[in-house]
Every structure is written in C-alpha cells, then in structure tokens.
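**Q** Let me begin by handing over the structure; questions about it come next.
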Amino acid sequence: GPVGGVRSVMVDRQGHVWVSAGLGLFRSRAPVPFGAPARFDAAFEQQFPPGTQAGEQFLKTIEDANGRVWAAGDLGLALGSHGVWTRFHKQDGLRSNNLAQLAEDRDGSIWVGYRDAFGVSHLDFSQGKLKVTNYTTSTGLHSEKTLFLSFDTSGRLWVGTDHGIDIFEHTGMDHAGADPGVWRHYGRSDGLIWDDCNSNAFLMDKGGGVWVGT
C-alpha cells in the first residue's frame with residue numbers, strides 16, 4: 001500500500017482511489033464501494049510515470065474532465081491517459097520539476113504550483129501542442145510561494161500564497177490571440193485574518209461562498 005506518508009487522496013470517476021504519498025503514487029487495484037458497510041481494505045499498486053525514481057514524492061493528483069489523471073511529483077508533471085503515462089518537465093517550459101498544486105480550468109487547461117517559490121504556470125494544449133505561460137511577481141502575483149490553487153463557481157482561479165490571495169480572471173482573447181487575464185489581490189487589509197495561507201486550505205461551499213485557511 002501507500003508508503004511514506006499520505007499527502008492527498010483523489011477518487012476518479014470509476015471509483016479508483018489515488019494516493020499521492022511521500023514515497024510514490026498509488027492507485028487502488030479495483031474501484032472502492034464507498035458507502036458500503038464492508039470494511040475498507042483496498043489493495044493498492046504503485047504507478048510509475050516515466051522517469052520515476054525510488055523515493056519520489058507526489059503531493060497532488062487530479063482527474064480532468066476527459067478522465068485523464070494529472071500527478072504533481074518531484075520529477076515533473078505526470079499525465080496518465082488510458083494506462084499510458086507521459087511527463088512534462090522544466091525543458092517543456094515549467095519553472096521547476098518539483099510540483100505541489102494542480103487545478104483544471106474550464107477550458108481543460110491545467111494550472112500548476114510548485115513546492116518552492118516559482119509562482120504558477122498555465123499549461124494550454126488547445127492548439128495541439130503545449131503552450132506554457134508562467135506567472136510571477138512581475139506578471140501579477142504578490143508572492144511566488146503558492147499554498148493552494150482552486151477555482152470558484154465563476155471560473156476564477158484562487159492562488160493562496162504566503163502574502164495573501166491572488167485571484168486570476170480570464171478577460172478573453174486580445175488582438176494577438178492571447179488571454180492576458182487580470183489579477184486581483186486580497187490580504188489582511190481586505191479582511192483576511194492573516195496573509196500567510198495554509199496548504200490546500202480552500203473550500204467552496206454550496207452557496208458559492210469561499211472559505212480560506214490562514
């Protein structure tokens with residue numbers, strides 16, 4: 001089973017449980033019947049995206065709208081589709097191979113955050129090839145140390161940092177065919193108890209309200 005300490009848990013649309021752990025990425029061998037009275041005792045098998053090394057840590061796993069699995073590891077971003085894995089690395093445009101946060105945009109593109117202070121990156125595959133846009137303190141962020149990434153019901157990206165919250169909102173394509181978007185910042189002066197956000201401490205409630213841990 002998963003070893004090295006559990007970092008996050010995700011259940012895919014088929015009922016398989018994915019565990020991001022300190023010593024690897026694991027998936028249950030069979031769908032897990034949640035809500036059943038039987039004791040939870042699933043068997044797990046380790047996943048080995050290309051380049052996986054012994055002791056690689058995975059911090060986050062998500063499933064996108066097409067049923068593909070994205071995993072944030074120490075050695076790049078892993079993408080699993082129909083049992084086939086690929087990896088994206090620094091040479092593909094990422095700012096670091098050590099990833100921490102993942103979020104899927106409405107258009108199917110992927111946003112990633114890093115373990116260290118490298119800001120966030122937007123991965124767009126809409127033109128048939130990978131286009132990476134990196135956002136830093138010079139392009140809208142108030143801090144490059146990210147603690148969570150998540151979207152609200154209006155499609156805005158919330159980036160929790162150690163200096164408050166930065167929110168990205170799409171503005172549509174400009175004359176150059178790019179979507180520059182607009183960033184807004186919220187900190188203690190706007191009502192936060194503290195500027196230093198906690199890891200993955202974001203919740204969107206049923207009424208559309210946002211809860212943030214600091």
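Residues in the structure tokens are named by chain (A, B, ... in the order shown) and by number from 1 within that chain; ligands are numbered from 1 in the order shown.
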Mind checking which residues fall within 9 Å of stretch 135-143 of chain A, counting only C-alpha atoms, ignoring those fewer than 3 positions away in the same chain, and posting them as a VMD selection string?

**A** chain A and resid 117 to 122 146 159 161 to 168 182 to 185

**Q** Let me see the file: selected residues, N, CA, C and O atoms, as a compact mmCIF listing (two decimals), in the first residue's frame.

**A**
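The resulting file, result_18.txt, is reproduced below:
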```
# COMPACT_ATOMS: atom_id res chain seq x y z
N ALA A 117 9.31 28.60 -4.32
CA ALA A 117 8.72 29.86 -4.76
C ALA A 117 9.02 30.14 -6.23
O ALA A 117 9.93 30.89 -6.58
N PHE A 118 8.19 29.53 -7.10
CA PHE A 118 8.34 29.73 -8.55
C PHE A 118 7.05 30.25 -9.19
O PHE A 118 6.92 30.21 -10.41
N GLY A 119 6.07 30.70 -8.41
CA GLY A 119 4.84 31.20 -8.98
C GLY A 119 3.92 30.10 -9.47
O GLY A 119 3.92 28.98 -8.93
N VAL A 120 3.15 30.39 -10.51
CA VAL A 120 2.24 29.40 -11.10
C VAL A 120 2.44 29.36 -12.61
O VAL A 120 2.88 30.35 -13.22
N SER A 121 2.11 28.22 -13.20
CA SER A 121 2.23 28.05 -14.65
C SER A 121 0.91 27.57 -15.22
O SER A 121 0.23 26.74 -14.61
N HIS A 122 0.56 28.10 -16.39
CA HIS A 122 -0.67 27.72 -17.09
C HIS A 122 -0.29 26.89 -18.30
O HIS A 122 0.45 27.34 -19.18
N THR A 146 3.36 29.51 -3.49
CA THR A 146 1.94 29.15 -3.55
C THR A 146 1.62 28.03 -2.57
O THR A 146 2.42 27.11 -2.38
N VAL A 159 -5.34 31.68 -5.92
CA VAL A 159 -3.98 31.26 -5.61
C VAL A 159 -3.64 31.72 -4.19
O VAL A 159 -3.49 32.92 -3.94
N THR A 161 -1.16 32.22 -1.18
CA THR A 161 0.28 32.39 -1.05
C THR A 161 0.64 32.73 0.40
O THR A 161 -0.22 32.81 1.27
N ASP A 162 1.92 32.99 0.62
CA ASP A 162 2.35 33.42 1.94
C ASP A 162 2.22 34.93 2.12
O ASP A 162 2.62 35.49 3.14
N HIS A 163 1.62 35.59 1.11
CA HIS A 163 1.35 37.03 1.19
C HIS A 163 -0.06 37.33 0.70
O HIS A 163 -0.28 38.23 -0.10
N GLY A 164 -1.02 36.54 1.18
CA GLY A 164 -2.41 36.77 0.81
C GLY A 164 -2.87 35.91 -0.35
O GLY A 164 -2.25 34.89 -0.68
N ILE A 165 -3.95 36.34 -0.98
CA ILE A 165 -4.58 35.58 -2.06
C ILE A 165 -4.56 36.39 -3.34
O ILE A 165 -4.92 37.57 -3.36
N ASP A 166 -4.14 35.76 -4.43
CA ASP A 166 -4.18 36.37 -5.75
C ASP A 166 -5.22 35.63 -6.58
O ASP A 166 -5.22 34.40 -6.64
N ILE A 167 -6.11 36.38 -7.22
CA ILE A 167 -7.20 35.79 -8.00
C ILE A 167 -7.05 36.17 -9.47
O ILE A 167 -6.92 37.36 -9.80
N PHE A 168 -7.06 35.15 -10.33
CA PHE A 168 -6.92 35.36 -11.78
C PHE A 168 -8.27 35.19 -12.45
O PHE A 168 -8.97 34.19 -12.24
N VAL A 182 -6.65 39.11 -15.78
CA VAL A 182 -6.42 40.18 -14.82
C VAL A 182 -6.27 39.57 -13.43
O VAL A 182 -6.97 38.63 -13.08
N TRP A 183 -5.33 40.08 -12.67
CA TRP A 183 -5.07 39.61 -11.32
C TRP A 183 -5.61 40.60 -10.30
O TRP A 183 -5.48 41.80 -10.46
N ARG A 184 -6.21 40.07 -9.23
CA ARG A 184 -6.65 40.89 -8.10
C ARG A 184 -6.06 40.28 -6.83
O ARG A 184 -5.94 39.07 -6.72
N HIS A 185 -5.73 41.14 -5.89
CA HIS A 185 -5.09 40.70 -4.66
C HIS A 185 -5.96 41.00 -3.45
O HIS A 185 -6.60 42.05 -3.37
```

**Q** Within 9 Å of A:Asp74, counting only C-alpha atoms, which residues show up once you throw out same-chain ones fewer than 5 positions away? Write them as a PyMOL selection string, please.

**A** chain A and resi 52+56-59+97-100+115

**Q** From a DSSP pass on the backbone, collect the residues of stretch 135-196 of chain A flagged as strand (DSSP E) and hand them back as a ChimeraX atom specification.

**A** /A:135,146-151,157-161,164-169,182-186

**Q** Using the selection just defined, write its residues with N, CA and C atoms as a tab-separated table (two decimals), in the first residue's frame.

**A**
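See selection30.tsv below for the written result:
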```tsv
chain	number	residue	atom	x	y	z
A	135	TYR	N	3.50	32.74	-14.48
A	135	TYR	CA	3.12	33.96	-13.78
A	135	TYR	C	3.97	34.10	-12.52
A	146	THR	N	3.36	29.51	-3.49
A	146	THR	CA	1.94	29.15	-3.55
A	146	THR	C	1.62	28.03	-2.57
A	147	LEU	N	0.41	28.12	-1.96
A	147	LEU	CA	-0.03	27.13	-0.98
A	147	LEU	C	-1.28	26.37	-1.43
A	148	PHE	N	-2.09	26.97	-2.30
A	148	PHE	CA	-3.21	26.25	-2.90
A	148	PHE	C	-3.60	26.88	-4.23
A	149	LEU	N	-4.22	26.06	-5.09
A	149	LEU	CA	-4.82	26.51	-6.35
A	149	LEU	C	-6.21	25.91	-6.43
A	150	SER	N	-7.22	26.75	-6.70
A	150	SER	CA	-8.57	26.23	-6.84
A	150	SER	C	-9.44	27.24	-7.58
A	151	PHE	N	-10.50	26.74	-8.21
A	151	PHE	CA	-11.41	27.61	-8.96
A	151	PHE	C	-12.72	27.78	-8.21
A	157	LEU	N	-9.53	31.70	-10.79
A	157	LEU	CA	-8.51	30.90	-10.11
A	157	LEU	C	-8.07	31.61	-8.84
A	158	TRP	N	-8.13	30.90	-7.72
A	158	TRP	CA	-7.68	31.42	-6.43
A	158	TRP	C	-6.31	30.82	-6.13
A	159	VAL	N	-5.34	31.68	-5.92
A	159	VAL	CA	-3.98	31.26	-5.61
A	159	VAL	C	-3.64	31.72	-4.19
A	160	GLY	N	-3.56	30.77	-3.27
A	160	GLY	CA	-3.19	31.10	-1.90
A	160	GLY	C	-1.67	31.16	-1.79
A	161	THR	N	-1.16	32.22	-1.18
A	161	THR	CA	0.28	32.39	-1.05
A	161	THR	C	0.64	32.73	0.40
A	164	GLY	N	-1.02	36.54	1.18
A	164	GLY	CA	-2.41	36.77	0.81
A	164	GLY	C	-2.87	35.91	-0.35
A	165	ILE	N	-3.95	36.34	-0.98
A	165	ILE	CA	-4.58	35.58	-2.06
A	165	ILE	C	-4.56	36.39	-3.34
A	166	ASP	N	-4.14	35.76	-4.43
A	166	ASP	CA	-4.18	36.37	-5.75
A	166	ASP	C	-5.22	35.63	-6.58
A	167	ILE	N	-6.11	36.38	-7.22
A	167	ILE	CA	-7.20	35.79	-8.00
A	167	ILE	C	-7.05	36.17	-9.47
A	168	PHE	N	-7.06	35.15	-10.33
A	168	PHE	CA	-6.92	35.36	-11.78
A	168	PHE	C	-8.27	35.19	-12.45
A	169	GLU	N	-8.62	36.14	-13.28
A	169	GLU	CA	-9.88	36.07	-14.04
A	169	GLU	C	-9.59	36.26	-15.51
A	182	VAL	N	-6.65	39.11	-15.78
A	182	VAL	CA	-6.42	40.18	-14.82
A	182	VAL	C	-6.27	39.57	-13.43
A	183	TRP	N	-5.33	40.08	-12.67
A	183	TRP	CA	-5.07	39.61	-11.32
A	183	TRP	C	-5.61	40.60	-10.30
A	184	ARG	N	-6.21	40.07	-9.23
A	184	ARG	CA	-6.65	40.89	-8.10
A	184	ARG	C	-6.06	40.28	-6.83
A	185	HIS	N	-5.73	41.14	-5.89
A	185	HIS	CA	-5.09	40.70	-4.66
A	185	HIS	C	-5.96	41.00	-3.45
A	186	TYR	N	-5.98	40.05	-2.49
A	186	TYR	CA	-6.69	40.24	-1.23
A	186	TYR	C	-5.76	39.85	-0.08
```

**Q** Here is a test: counting only C-alpha atoms, which residue of A:Phe34, A:Glu45, A:Leu77, A:Asp12 is nearest to A:Ala65?

**A**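 Selected residue with least distance to A:Ala65: A:Asp12.
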
**Q** Between atom CA of A:Ile193 and atom CA of A:Gly207, what is the distance in Å, rounded to a tenth?

**A**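 About the pair atom CA of A:Ile193 and atom CA of A:Gly207: they are 21.8 Å apart.
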
**Q** Mind checking which residues fall within 10 Å of A:Gln14, counting only C-alpha atoms, ignoring those fewer than 2 positions away in the same chain, and posting them as a VMD selection string?

**A** chain A and resid 11 to 12 16 to 17 30 to 32 67
